[in-house]
$ cat final03.txt   # compact mmCIF, C-alpha atoms and all ligand atoms
# COMPACT_ATOMS: atom_id res chain seq x y z
CA MET D 41 5.40 13.39 6.65
CA ILE D 42 3.25 15.66 4.49
CA GLU D 43 2.10 19.12 5.43
CA ALA D 44 -0.13 21.12 3.12
CA ILE D 45 -1.51 24.57 3.76
CA GLY D 46 -4.20 26.36 1.79
CA LEU D 47 -4.20 24.00 -1.18
CA GLY D 48 -6.28 25.13 -4.13
CA TYR D 49 -6.76 23.50 -7.49
CA SER D 50 -9.01 24.20 -10.47
CA TYR D 51 -9.11 22.11 -13.63
CA PRO D 52 -8.58 23.83 -16.98
CA ASP D 53 -12.35 23.89 -17.63
CA GLY D 54 -12.80 26.07 -14.54
CA THR D 55 -14.03 23.39 -12.10
CA THR D 56 -12.76 24.16 -8.61
CA ALA D 57 -11.74 20.81 -7.11
CA LEU D 58 -9.86 22.00 -4.01
CA ASP D 59 -10.55 25.17 -2.11
CA GLY D 60 -8.23 26.10 0.75
CA VAL D 61 -7.39 22.60 2.01
CA ASP D 62 -5.06 22.17 5.00
CA VAL D 63 -3.68 18.68 5.62
CA ARG D 64 -1.09 17.43 8.06
CA ILE D 65 -0.14 13.77 7.96
CA GLU D 66 2.19 12.41 10.61
CA ARG D 67 4.59 9.50 10.24
CA GLY D 68 2.88 6.13 10.58
CA GLU D 69 -0.65 7.55 10.57
CA ARG D 70 -3.56 5.88 8.81
CA VAL D 71 -5.68 8.68 7.37
CA ALA D 72 -8.73 8.43 5.11
CA LEU D 73 -10.06 11.08 2.76
CA LEU D 74 -13.83 10.66 2.88
CA GLY D 75 -16.30 12.56 0.76
CA PRO D 76 -19.07 12.21 -1.81
CA ASN D 77 -18.42 11.80 -5.54
CA GLY D 78 -16.77 14.91 -6.92
CA ALA D 79 -15.62 16.18 -3.50
CA GLY D 80 -12.00 16.36 -4.64
CA LYS D 81 -10.55 13.25 -2.97
CA SER D 82 -8.71 12.05 -6.07
CA THR D 83 -7.50 15.55 -6.85
CA LEU D 84 -6.20 15.98 -3.30
CA LEU D 85 -4.48 12.61 -3.36
CA GLN D 86 -2.75 13.48 -6.63
CA VAL D 87 -1.73 16.90 -5.33
CA LEU D 88 -0.34 15.36 -2.12
CA GLY D 89 1.49 12.76 -4.21
CA GLY D 90 3.04 15.43 -6.40
CA LEU D 91 1.27 14.28 -9.57
CA ILE D 92 -0.64 17.57 -9.93
CA GLU D 93 0.76 20.95 -9.01
CA PRO D 94 -1.64 23.01 -6.91
CA ASP D 95 -2.70 26.53 -8.03
CA ALA D 96 -2.48 27.79 -4.47
CA GLY D 97 -0.98 26.78 -1.15
CA SER D 98 2.21 25.09 -0.05
CA LEU D 99 3.39 21.51 0.42
CA HIS D 100 6.20 20.14 2.55
CA TYR D 101 7.45 16.57 2.51
CA PHE D 102 9.19 14.83 5.41
CA GLY D 103 9.84 18.24 6.99
CA GLU D 104 12.62 18.60 4.42
CA THR D 105 11.52 19.77 1.02
CA THR D 106 8.77 21.30 -1.10
CA ASP D 107 9.90 19.36 -4.16
CA ALA D 108 7.77 16.27 -4.76
CA ASP D 109 10.14 14.99 -7.45
CA SER D 110 12.98 14.71 -4.96
CA VAL D 111 10.92 12.39 -2.74
CA ARG D 112 9.36 10.37 -5.55
CA ASP D 113 11.06 7.15 -4.35
CA ARG D 114 9.60 7.54 -0.88
CA LEU D 115 5.97 8.14 -1.88
CA SER D 116 3.82 5.71 -3.80
CA VAL D 117 0.57 6.92 -5.32
CA LEU D 118 -2.22 4.68 -6.61
CA THR D 119 -4.65 6.78 -8.66
CA GLN D 120 -8.28 5.79 -9.19
CA ASN D 121 -7.67 4.34 -12.64
CA PRO D 122 -5.74 1.03 -12.55
CA ALA D 123 -4.86 1.41 -16.24
CA ASP D 124 -2.47 4.23 -15.25
CA TYR D 125 -0.15 1.53 -13.87
CA LEU D 126 -0.68 -1.29 -16.32
CA PHE D 127 1.16 -0.57 -19.54
CA ASN D 128 3.71 -3.38 -19.89
CA PRO D 129 3.25 -6.59 -21.91
CA THR D 130 2.76 -8.66 -18.74
CA VAL D 131 1.56 -8.19 -15.19
CA ARG D 132 4.98 -9.34 -13.95
CA GLU D 133 6.69 -6.50 -15.81
CA ASP D 134 4.17 -3.98 -14.46
CA LEU D 135 4.90 -5.11 -10.91
CA ALA D 136 8.64 -5.03 -11.56
CA TYR D 137 8.58 -1.62 -13.26
CA GLY D 138 8.87 0.63 -10.17
CA PRO D 139 11.69 -1.21 -8.36
CA THR D 140 13.56 -1.68 -11.66
CA GLN D 141 13.36 2.09 -12.23
CA GLN D 142 14.86 2.50 -8.78
CA ASP D 143 17.79 0.28 -9.84
CA ALA D 144 16.99 -2.43 -7.29
CA PRO D 145 19.00 -5.64 -7.93
CA GLN D 146 17.09 -8.03 -10.21
CA ARG D 147 16.99 -10.77 -7.57
CA ASP D 148 15.37 -8.39 -5.04
CA VAL D 149 12.89 -7.21 -7.66
CA ASP D 150 11.88 -10.80 -8.47
CA ARG D 151 11.54 -11.70 -4.80
CA ARG D 152 9.42 -8.67 -4.07
CA VAL D 153 7.18 -9.14 -7.11
CA GLU D 154 6.57 -12.80 -6.22
CA ALA D 155 5.81 -11.98 -2.58
CA ILE D 156 3.35 -9.16 -3.31
CA ALA D 157 1.72 -11.14 -6.12
CA GLU D 158 1.23 -14.06 -3.75
CA ARG D 159 -0.39 -11.83 -1.12
CA LEU D 160 -2.73 -10.20 -3.61
CA GLY D 161 -3.77 -13.42 -5.38
CA LEU D 162 -1.94 -12.53 -8.59
CA SER D 163 0.60 -15.36 -8.79
CA SER D 164 -1.21 -17.25 -11.52
CA LEU D 165 -1.75 -14.05 -13.51
CA LEU D 166 1.83 -12.79 -13.70
CA SER D 167 2.40 -13.81 -17.31
CA LYS D 168 -0.91 -12.38 -18.58
CA PRO D 169 -1.20 -9.08 -20.44
CA PRO D 170 -2.72 -6.68 -17.90
CA PHE D 171 -5.50 -5.59 -20.25
CA ARG D 172 -6.80 -9.16 -20.19
CA LEU D 173 -7.41 -9.05 -16.44
CA SER D 174 -10.85 -8.53 -14.91
CA GLY D 175 -11.65 -5.17 -13.30
CA GLY D 176 -10.96 -6.37 -9.78
CA GLN D 177 -7.79 -8.15 -10.85
CA GLN D 178 -6.59 -4.92 -12.51
CA ARG D 179 -7.22 -3.00 -9.29
CA ARG D 180 -5.16 -5.57 -7.34
CA ALA D 181 -2.39 -5.51 -9.95
CA ALA D 182 -2.23 -1.70 -9.81
CA LEU D 183 -2.11 -1.82 -6.00
CA ALA D 184 0.63 -4.45 -6.20
CA SER D 185 2.67 -2.19 -8.48
CA ALA D 186 2.38 0.61 -5.89
CA LEU D 187 3.61 -1.77 -3.17
CA THR D 188 6.59 -3.32 -4.93
CA VAL D 189 8.55 -0.04 -4.66
CA ASP D 190 8.66 -0.32 -0.85
CA PRO D 191 7.52 3.25 -0.09
CA GLU D 192 7.43 5.16 3.22
CA VAL D 193 4.09 6.76 2.37
CA LEU D 194 1.28 5.11 0.44
CA LEU D 195 -1.44 7.28 -1.10
CA LEU D 196 -4.21 4.97 -2.31
CA ASP D 197 -7.28 6.11 -4.21
CA GLU D 198 -10.14 3.69 -3.51
CA PRO D 199 -7.87 0.62 -3.25
CA LEU D 200 -10.80 -1.71 -2.45
CA SER D 201 -13.32 -0.72 -5.08
CA ASN D 202 -14.28 -3.59 -7.40
CA VAL D 203 -12.44 -6.09 -5.20
CA ASP D 204 -14.25 -9.22 -3.93
CA ALA D 205 -14.64 -10.04 -0.23
CA ALA D 206 -11.77 -12.53 0.11
CA ASN D 207 -9.31 -10.25 -1.66
CA ARG D 208 -10.56 -7.24 0.34
CA SER D 209 -9.68 -9.08 3.55
CA GLU D 210 -6.26 -9.94 2.17
CA ILE D 211 -5.61 -6.32 1.15
CA LEU D 212 -6.81 -5.02 4.53
CA ASP D 213 -4.50 -7.50 6.30
CA LEU D 214 -1.59 -6.45 4.12
CA LEU D 215 -2.27 -2.73 4.72
CA ALA D 216 -2.46 -3.43 8.47
CA GLU D 217 0.94 -5.15 8.32
CA LEU D 218 2.45 -2.25 6.38
CA SER D 219 1.02 0.16 8.93
CA ASN D 220 2.50 -1.92 11.77
CA ASP D 221 5.83 -1.67 9.97
CA GLY D 222 5.54 2.13 10.20
CA ILE D 223 4.34 2.89 6.66
CA THR D 224 2.11 5.97 6.47
CA LEU D 225 -1.21 5.24 4.77
CA VAL D 226 -3.52 7.75 3.13
CA THR D 227 -6.57 6.23 1.45
CA SER D 228 -9.60 7.76 -0.20
CA THR D 229 -13.10 6.37 -0.31
CA PRO D 230 -16.67 7.56 -0.81
CA GLU D 231 -17.89 4.71 1.44
CA THR D 232 -18.03 4.63 5.21
CA GLU D 233 -18.43 0.86 5.63
CA LEU D 234 -14.76 -0.13 5.41
CA LEU D 235 -13.29 3.01 6.94
CA PRO D 236 -12.82 1.59 10.45
CA HIS D 237 -10.52 -1.04 8.91
CA LEU D 238 -8.56 1.51 6.88
CA ALA D 239 -8.00 4.58 9.01
CA ASP D 240 -7.63 5.95 12.51
CA ARG D 241 -8.36 9.50 11.39
CA VAL D 242 -10.71 10.84 8.76
CA LEU D 243 -10.60 14.04 6.74
CA LEU D 244 -14.12 14.76 5.55
CA LEU D 245 -14.45 16.72 2.30
CA ASP D 246 -17.68 18.32 1.15
CA ALA D 247 -18.89 18.78 -2.41
CA GLY D 248 -17.14 22.16 -2.58
CA GLY D 249 -13.63 20.73 -2.27
CA SER D 250 -13.12 21.88 1.33
CA VAL D 251 -12.23 19.88 4.42
CA VAL D 252 -15.26 20.26 6.69
CA ALA D 253 -14.06 18.03 9.52
CA SER D 254 -11.01 16.11 10.66
CA GLY D 255 -11.07 13.73 13.57
CA PRO D 256 -10.81 10.18 14.87
CA THR D 257 -12.65 7.68 12.66
CA ARG D 258 -15.12 6.93 15.47
CA GLU D 259 -16.01 10.59 15.95
CA ILE D 260 -16.66 11.23 12.25
CA LEU D 261 -18.51 7.96 11.54
CA THR D 262 -20.93 8.38 14.41
CA ASP D 263 -21.84 11.98 13.51
CA THR D 264 -24.89 11.24 11.37
CA GLU D 265 -25.76 14.89 10.77
CA LEU D 266 -22.26 15.86 9.70
CA LEU D 267 -22.17 12.93 7.26
CA ALA D 268 -25.63 13.71 5.91
CA ASP D 269 -24.50 17.27 5.17
CA CYS D 270 -21.93 15.65 2.85
CA ASN D 271 -24.44 13.21 1.29
CA LEU D 272 -22.93 10.32 3.24
CA ARG D 273 -24.29 7.78 5.72
CA PRO D 274 -22.70 6.09 8.72
CA PRO D 275 -21.90 2.37 8.34
CA GLN D 276 -24.98 0.13 8.71
CA VAL D 277 -23.80 -1.23 12.06
CA VAL D 278 -23.53 2.31 13.43
CA ARG D 279 -27.10 3.03 12.32
CA LEU D 280 -28.26 -0.24 13.92
CA PHE D 281 -26.64 0.50 17.29
CA ASP D 282 -27.34 4.26 17.25
CA GLY D 283 -27.82 5.46 20.82
CA ASP D 284 -25.49 2.86 22.38
CA ASP D 285 -22.39 4.06 24.16
CA PRO D 286 -19.94 3.42 22.68
CA ILE D 287 -21.44 2.61 19.30
CA PRO D 288 -19.74 -0.38 17.61
CA LEU D 289 -18.13 0.64 14.30
CA THR D 290 -17.67 -2.80 12.80
CA VAL D 291 -19.58 -6.08 12.65
CA GLU D 292 -16.83 -7.67 14.77
CA GLU D 293 -17.26 -5.03 17.51
CA ALA D 294 -21.03 -5.45 17.38
CA ARG D 295 -20.75 -9.23 17.69
CA ARG D 296 -18.50 -8.91 20.74
CA ARG D 297 -21.05 -6.52 22.23
CA LEU D 298 -23.90 -8.95 21.64
CA ASP D 299 -21.90 -11.92 22.95
CA GLY D 300 -21.07 -9.99 26.09
CA SER D 301 -24.64 -8.89 26.86
N1 LIG G 1 -9.84 16.22 -15.66
C1 LIG G 1 -10.82 16.97 -15.13
N2 LIG G 1 -11.28 18.07 -15.79
C2 LIG G 1 -12.25 18.84 -15.27
N3 LIG G 1 -12.84 18.62 -14.09
C3 LIG G 1 -12.43 17.54 -13.39
C4 LIG G 1 -11.42 16.66 -13.87
N4 LIG G 1 -11.23 15.67 -12.96
C5 LIG G 1 -12.09 15.93 -11.96
N5 LIG G 1 -12.81 17.05 -12.21
C6 LIG G 1 -13.81 17.68 -11.34
O1 LIG G 1 -13.17 18.04 -10.11
C7 LIG G 1 -14.02 17.77 -9.00
C8 LIG G 1 -13.30 16.82 -8.04
O2 LIG G 1 -13.09 15.58 -8.69
P1 LIG G 1 -12.37 14.36 -8.00
O3 LIG G 1 -12.15 13.34 -9.06
O4 LIG G 1 -11.18 14.86 -7.27
O5 LIG G 1 -13.49 13.91 -6.97
P2 LIG G 1 -13.57 12.60 -6.03
O6 LIG G 1 -13.90 13.06 -4.66
O7 LIG G 1 -12.37 11.78 -6.22
O8 LIG G 1 -14.85 11.84 -6.61
P3 LIG G 1 -15.18 10.23 -6.75
O9 LIG G 1 -15.74 9.78 -5.45
O10 LIG G 1 -16.24 10.19 -7.81
O11 LIG G 1 -13.92 9.54 -7.15
C9 LIG G 1 -15.32 17.21 -9.59
O12 LIG G 1 -16.24 18.27 -9.65
C10 LIG G 1 -14.94 16.75 -10.98
O13 LIG G 1 -16.03 16.90 -11.87
MG MG G 2 -12.04 9.92 -6.90

$ encode --input "final03.txt" --output "structure tokens"
Amino acid sequence: MIEAIGLGYSYPDGTTALDGVDVRIERGERVALLGPNGAGKSTLLQVLGGLIEPDAGSLHYFGETTDADSVRDRLSVLTQNPADYLFNPTVREDLAYGPTQQDAPQRDVDRRVEAIAERLGLSSLLSKPPFRLSGGQQRRAALASALTVDPEVLLLDEPLSNVDAANRSEILDLLAELSNDGITLVTSTPETELLPHLADRVLLLDAGGSVVASGPTREILTDTELLADCNLRPPQVVRLFDGDDPIPLTVEEARRRLDGS
């Protein structure tokens, strides 16, 4: 779906955010970009999504093209700042913006907006101005606006930050459904706790903007030393069951283990 080789990017003030990053994302994969603050996750996500042009390296989309603009309708990017997506007078118009730009019939747009809003707990907020939403509501509204365009690839920068437990579950369920439908999911997070629910494979970035490891979520999350080198910790349940084989990655796995023993 996306193949990047030797990506490099420095900001105008000279900060090197990406240094020789190779990424290959296959159709239908669930991949997470994991790394400490400042590792370059957001920069990488924006480069992959065609929002920032890299200084070095090459990008190919869908095995067809190097031109991100030509695949804009097929990729949906959610950047870290919800305000980037919330600029219309009402939440409803923000959610309708993408599909309307794509010339979808009004009835389809309305249906899609209502359905996504319902799933993300936004139905009662559709007529509000987006700047009057709470932080977590803004995050959900921005995510909803990325979903209403019906993309093939979703690139989501910290989609769960600021979101309460009930809405997190709902978002995770929705992302799982999209993944089952064949949508490719790339998410970024500085936290290991929710990763097992978000991704099957993890790309680990260090503070220098390089990918230091790529592997199955289980392999990366149980490698305490590797994570510590990147100022990260395994999920609490992994630390609790350290030494077991296999180590449970989630509370649900741990509970099944305890029930069975
Ligand atoms: N607009 C900018 N101008 C200059 N430097 C920037 C800019 N945006 C980010 N950086 C720098 O680039 C590096 C990578 O930043 P990036 O936002 O990609 O990190 P991140 O992994 O997403 O971090 P976080 O977990 O805090 O979201 C950091 O050193 C950061 O200070
Ligand atoms: Mg970031």

$ residues_near_ligand --input "final03.txt" --ligand "ligand LIG 1 (chain G)" --cutoff "8 Å" --atoms "only C-alpha atoms and all ligand atoms" --output "ChimeraX atom specification"
/D:50-58,74-84,120,197-198,228-230,245,247,249

$ write_last_selection --input "final03.txt" --atoms "C-alpha atoms" --output "PDB file, in the frame of the given file"
ATOM      1  CA  SER D  50      -9.010  24.200 -10.470  1.00  0.00           C
ATOM      2  CA  TYR D  51      -9.110  22.110 -13.630  1.00  0.00           C
ATOM      3  CA  PRO D  52      -8.580  23.830 -16.980  1.00  0.00           C
ATOM      4  CA  ASP D  53     -12.350  23.890 -17.630  1.00  0.00           C
ATOM      5  CA  GLY D  54     -12.800  26.070 -14.540  1.00  0.00           C
ATOM      6  CA  THR D  55     -14.030  23.390 -12.100  1.00  0.00           C
ATOM      7  CA  THR D  56     -12.760  24.160  -8.610  1.00  0.00           C
ATOM      8  CA  ALA D  57     -11.740  20.810  -7.110  1.00  0.00           C
ATOM      9  CA  LEU D  58      -9.860  22.000  -4.010  1.00  0.00           C
ATOM     10  CA  LEU D  74     -13.830  10.660   2.880  1.00  0.00           C
ATOM     11  CA  GLY D  75     -16.300  12.560   0.760  1.00  0.00           C
ATOM     12  CA  PRO D  76     -19.070  12.210  -1.810  1.00  0.00           C
ATOM     13  CA  ASN D  77     -18.420  11.800  -5.540  1.00  0.00           C
ATOM     14  CA  GLY D  78     -16.770  14.910  -6.920  1.00  0.00           C
ATOM     15  CA  ALA D  79     -15.620  16.180  -3.500  1.00  0.00           C
ATOM     16  CA  GLY D  80     -12.000  16.360  -4.640  1.00  0.00           C
ATOM     17  CA  LYS D  81     -10.550  13.250  -2.970  1.00  0.00           C
ATOM     18  CA  SER D  82      -8.710  12.050  -6.070  1.00  0.00           C
ATOM     19  CA  THR D  83      -7.500  15.550  -6.850  1.00  0.00           C
ATOM     20  CA  LEU D  84      -6.200  15.980  -3.300  1.00  0.00           C
ATOM     21  CA  GLN D 120      -8.280   5.790  -9.190  1.00  0.00           C
ATOM     22  CA  ASP D 197      -7.280   6.110  -4.210  1.00  0.00           C
ATOM     23  CA  GLU D 198     -10.140   3.690  -3.510  1.00  0.00           C
ATOM     24  CA  SER D 228      -9.600   7.760  -0.200  1.00  0.00           C
ATOM     25  CA  THR D 229     -13.100   6.370  -0.310  1.00  0.00           C
ATOM     26  CA  PRO D 230     -16.670   7.560  -0.810  1.00  0.00           C
ATOM     27  CA  LEU D 245     -14.450  16.720   2.300  1.00  0.00           C
ATOM     28  CA  ALA D 247     -18.890  18.780  -2.410  1.00  0.00           C
ATOM     29  CA  GLY D 249     -13.630  20.730  -2.270  1.00  0.00           C
TER      30      GLY D 249
END

$ closest_residue --input "final03.txt" --among "D:Gly103, D:Gly248, D:Gly48, D:Pro199" --to "Ile65 in chain D" --atoms "all atoms listed in the file"
D:Gly103

$ residues_around --input "final03.txt" --residues "range 283-287 of chain D" --least-positions-apart "4" --cutoff "10 Å" --atoms "all atoms listed in the file" --output "PyMOL selection string"
chain D and resi 258+261-262+277-279+293-294+297

$ closest_residue --input "final03.txt" --among "D:Gly175, D:Arg296, D:Leu99, D:Thr227" --to "ligand MG 2 (chain G)" --atoms "all atoms listed in the file"
D:Thr227

$ closest_residue --input "final03.txt" --among "D:Ala144, D:Leu73, D:Leu272, D:Val242" --to "ligand MG 2 (chain G)" --atoms "only C-alpha atoms and all ligand atoms"
D:Leu73

$ closest_residue --input "final03.txt" --among "D:Val111, D:Arg64, D:Tyr49, D:Arg179" --to "Ala96 in chain D" --atoms "only C-alpha atoms"
D:Tyr49

$ closest_residue --input "final03.txt" --among "D:Asn121, D:Gly90, D:Glu133, D:Ala72" --to "ligand MG 2 (chain G)" --atoms "all atoms listed in the file"
D:Asn121

$ closest_atom_pairs --input "final03.txt" --of "range 147-259 of chain D" --to "range 122-125 of chain D" --cutoff "10 Å" --atoms "only C-alpha atoms" --output "JSON lines"
{"residue": "D:Pro170", "atom": "CA", "partner": "D:Ala123", "partner_atom": "CA", "distance": 8.5}
{"residue": "D:Phe171", "atom": "CA", "partner": "D:Ala123", "partner_atom": "CA", "distance": 8.1}
{"residue": "D:Gly175", "atom": "CA", "partner": "D:Pro122", "partner_atom": "CA", "distance": 8.6}
{"residue": "D:Gly176", "atom": "CA", "partner": "D:Pro122", "partner_atom": "CA", "distance": 9.5}
{"residue": "D:Gln177", "atom": "CA", "partner": "D:Pro122", "partner_atom": "CA", "distance": 9.6}
{"residue": "D:Gln178", "atom": "CA", "partner": "D:Pro122", "partner_atom": "CA", "distance": 6.0}
{"residue": "D:Arg179", "atom": "CA", "partner": "D:Pro122", "partner_atom": "CA", "distance": 5.4}
{"residue": "D:Arg180", "atom": "CA", "partner": "D:Pro122", "partner_atom": "CA", "distance": 8.4}
{"residue": "D:Ala181", "atom": "CA", "partner": "D:Pro122", "partner_atom": "CA", "distance": 7.8}
{"residue": "D:Ala182", "atom": "CA", "partner": "D:Pro122", "partner_atom": "CA", "distance": 5.2}
{"residue": "D:Leu183", "atom": "CA", "partner": "D:Pro122", "partner_atom": "CA", "distance": 8.0}
{"residue": "D:Ala184", "atom": "CA", "partner": "D:Tyr125", "partner_atom": "CA", "distance": 9.8}
{"residue": "D:Ser185", "atom": "CA", "partner": "D:Tyr125", "partner_atom": "CA", "distance": 7.1}
{"residue": "D:Ala186", "atom": "CA", "partner": "D:Tyr125", "partner_atom": "CA", "distance": 8.4}
{"residue": "D:Asp197", "atom": "CA", "partner": "D:Pro122", "partner_atom": "CA", "distance": 9.9}
{"residue": "D:Pro199", "atom": "CA", "partner": "D:Pro122", "partner_atom": "CA", "distance": 9.5}

$ write_last_selection --input "final03.txt" --atoms "C-alpha atoms" --output "PDB file, keeping the file's coordinate frame"
ATOM      1  CA  PRO D 170      -2.720  -6.680 -17.900  1.00  0.00           C
ATOM      2  CA  PHE D 171      -5.500  -5.590 -20.250  1.00  0.00           C
ATOM      3  CA  GLY D 175     -11.650  -5.170 -13.300  1.00  0.00           C
ATOM      4  CA  GLY D 176     -10.960  -6.370  -9.780  1.00  0.00           C
ATOM      5  CA  GLN D 177      -7.790  -8.150 -10.850  1.00  0.00           C
ATOM      6  CA  GLN D 178      -6.590  -4.920 -12.510  1.00  0.00           C
ATOM      7  CA  ARG D 179      -7.220  -3.000  -9.290  1.00  0.00           C
ATOM      8  CA  ARG D 180      -5.160  -5.570  -7.340  1.00  0.00           C
ATOM      9  CA  ALA D 181      -2.390  -5.510  -9.950  1.00  0.00           C
ATOM     10  CA  ALA D 182      -2.230  -1.700  -9.810  1.00  0.00           C
ATOM     11  CA  LEU D 183      -2.110  -1.820  -6.000  1.00  0.00           C
ATOM     12  CA  ALA D 184       0.630  -4.450  -6.200  1.00  0.00           C
ATOM     13  CA  SER D 185       2.670  -2.190  -8.480  1.00  0.00           C
ATOM     14  CA  ALA D 186       2.380   0.610  -5.890  1.00  0.00           C
ATOM     15  CA  ASP D 197      -7.280   6.110  -4.210  1.00  0.00           C
ATOM     16  CA  PRO D 199      -7.870   0.620  -3.250  1.00  0.00           C
TER      17      PRO D 199
END

$ residues_near_point --input "final03.txt" --point "(-20.6, 13.2, 7.4)" --cutoff "10 Å" --atoms "all atoms listed in the file" --output "PyMOL selection string"
chain D and resi 74-76+232+244-246+252-253+260-274

$ closest_residue --input "final03.txt" --among "D:Gln276, D:Gln86, D:Ser163, D:Asn207" --to "Val117 in chain D" --atoms "all atoms listed in the file"
D:Gln86

$ atom_distance --input "final03.txt" --atom1 "CA of Pro139 in chain D" --atom2 "CA of Ile211 in chain D"
20.4 Å

$ atom_distance --input "final03.txt" --atom1 "CA of Pro288 in chain D" --atom2 "CA of Asp240 in chain D"
14.6 Å

$ atom_distance --input "final03.txt" --atom1 "CA of Arg241 in chain D" --atom2 "CA of Glu104 in chain D"
23.9 Å

$ residues_around --input "final03.txt" --residues "range 151-158 of chain D" --least-positions-apart "6" --cutoff "8 Å" --atoms "only C-alpha atoms" --output "list of chain:residue names"
D:Arg132, D:Leu135, D:Ala136, D:Leu166, D:Ala181, D:Ala184, D:Leu187, D:Thr188

$ residues_around --input "final03.txt" --residues "Asp213 in chain D" --least-positions-apart "5" --cutoff "12 Å" --atoms "all atoms listed in the file" --output "VMD selection string"
chain D and resid 159 to 160 206 to 208 218 to 220 237 to 238

$ decode --input "final03.txt" --residues "range 41-46 of chain D" --atoms "all heavy atoms" --output "CSV table (one decimal), in the first residue's frame"
chain,number,residue,atom,x,y,z
D,41,MET,N,0.8,-1.2,0.0
D,41,MET,CA,0.0,0.0,0.0
D,41,MET,C,0.9,1.2,0.0
D,41,MET,O,0.7,2.1,-0.8
D,41,MET,CB,-0.9,0.0,1.3
D,41,MET,CG,-1.9,-1.0,1.4
D,41,MET,SD,-3.0,-1.0,0.0
D,41,MET,CE,-4.4,-0.1,0.5
D,42,ILE,N,1.8,1.3,0.9
D,42,ILE,CA,2.8,2.4,1.0
D,42,ILE,C,4.2,1.8,1.2
D,42,ILE,O,4.4,1.0,2.0
D,42,ILE,CB,2.5,3.3,2.2
D,42,ILE,CG1,1.0,3.8,2.2
D,42,ILE,CG2,3.4,4.5,2.2
D,42,ILE,CD1,0.7,4.8,3.3
D,43,GLU,N,5.1,2.2,0.3
D,43,GLU,CA,6.4,1.8,0.5
D,43,GLU,C,7.3,3.1,0.5
D,43,GLU,O,7.3,3.9,-0.5
D,43,GLU,CB,6.9,0.9,-0.7
D,43,GLU,CG,8.2,0.3,-0.4
D,43,GLU,CD,8.6,-0.7,-1.5
D,43,GLU,OE1,8.0,-0.8,-2.5
D,43,GLU,OE2,9.6,-1.4,-1.2
D,44,ALA,N,8.1,3.2,1.5
D,44,ALA,CA,9.0,4.3,1.6
D,44,ALA,C,10.4,3.9,1.9
D,44,ALA,O,10.6,2.9,2.7
D,44,ALA,CB,8.6,5.2,2.8
D,45,ILE,N,11.3,4.5,1.2
D,45,ILE,CA,12.7,4.1,1.3
D,45,ILE,C,13.6,5.3,1.6
D,45,ILE,O,13.5,6.3,0.9
D,45,ILE,CB,13.3,3.3,0.1
D,45,ILE,CG1,12.4,2.1,-0.2
D,45,ILE,CG2,14.7,3.0,0.2
D,45,ILE,CD1,12.7,1.4,-1.5
D,46,GLY,N,14.4,5.2,2.7
D,46,GLY,CA,15.4,6.2,3.0
D,46,GLY,C,14.8,7.6,3.3
D,46,GLY,O,15.4,8.6,2.9
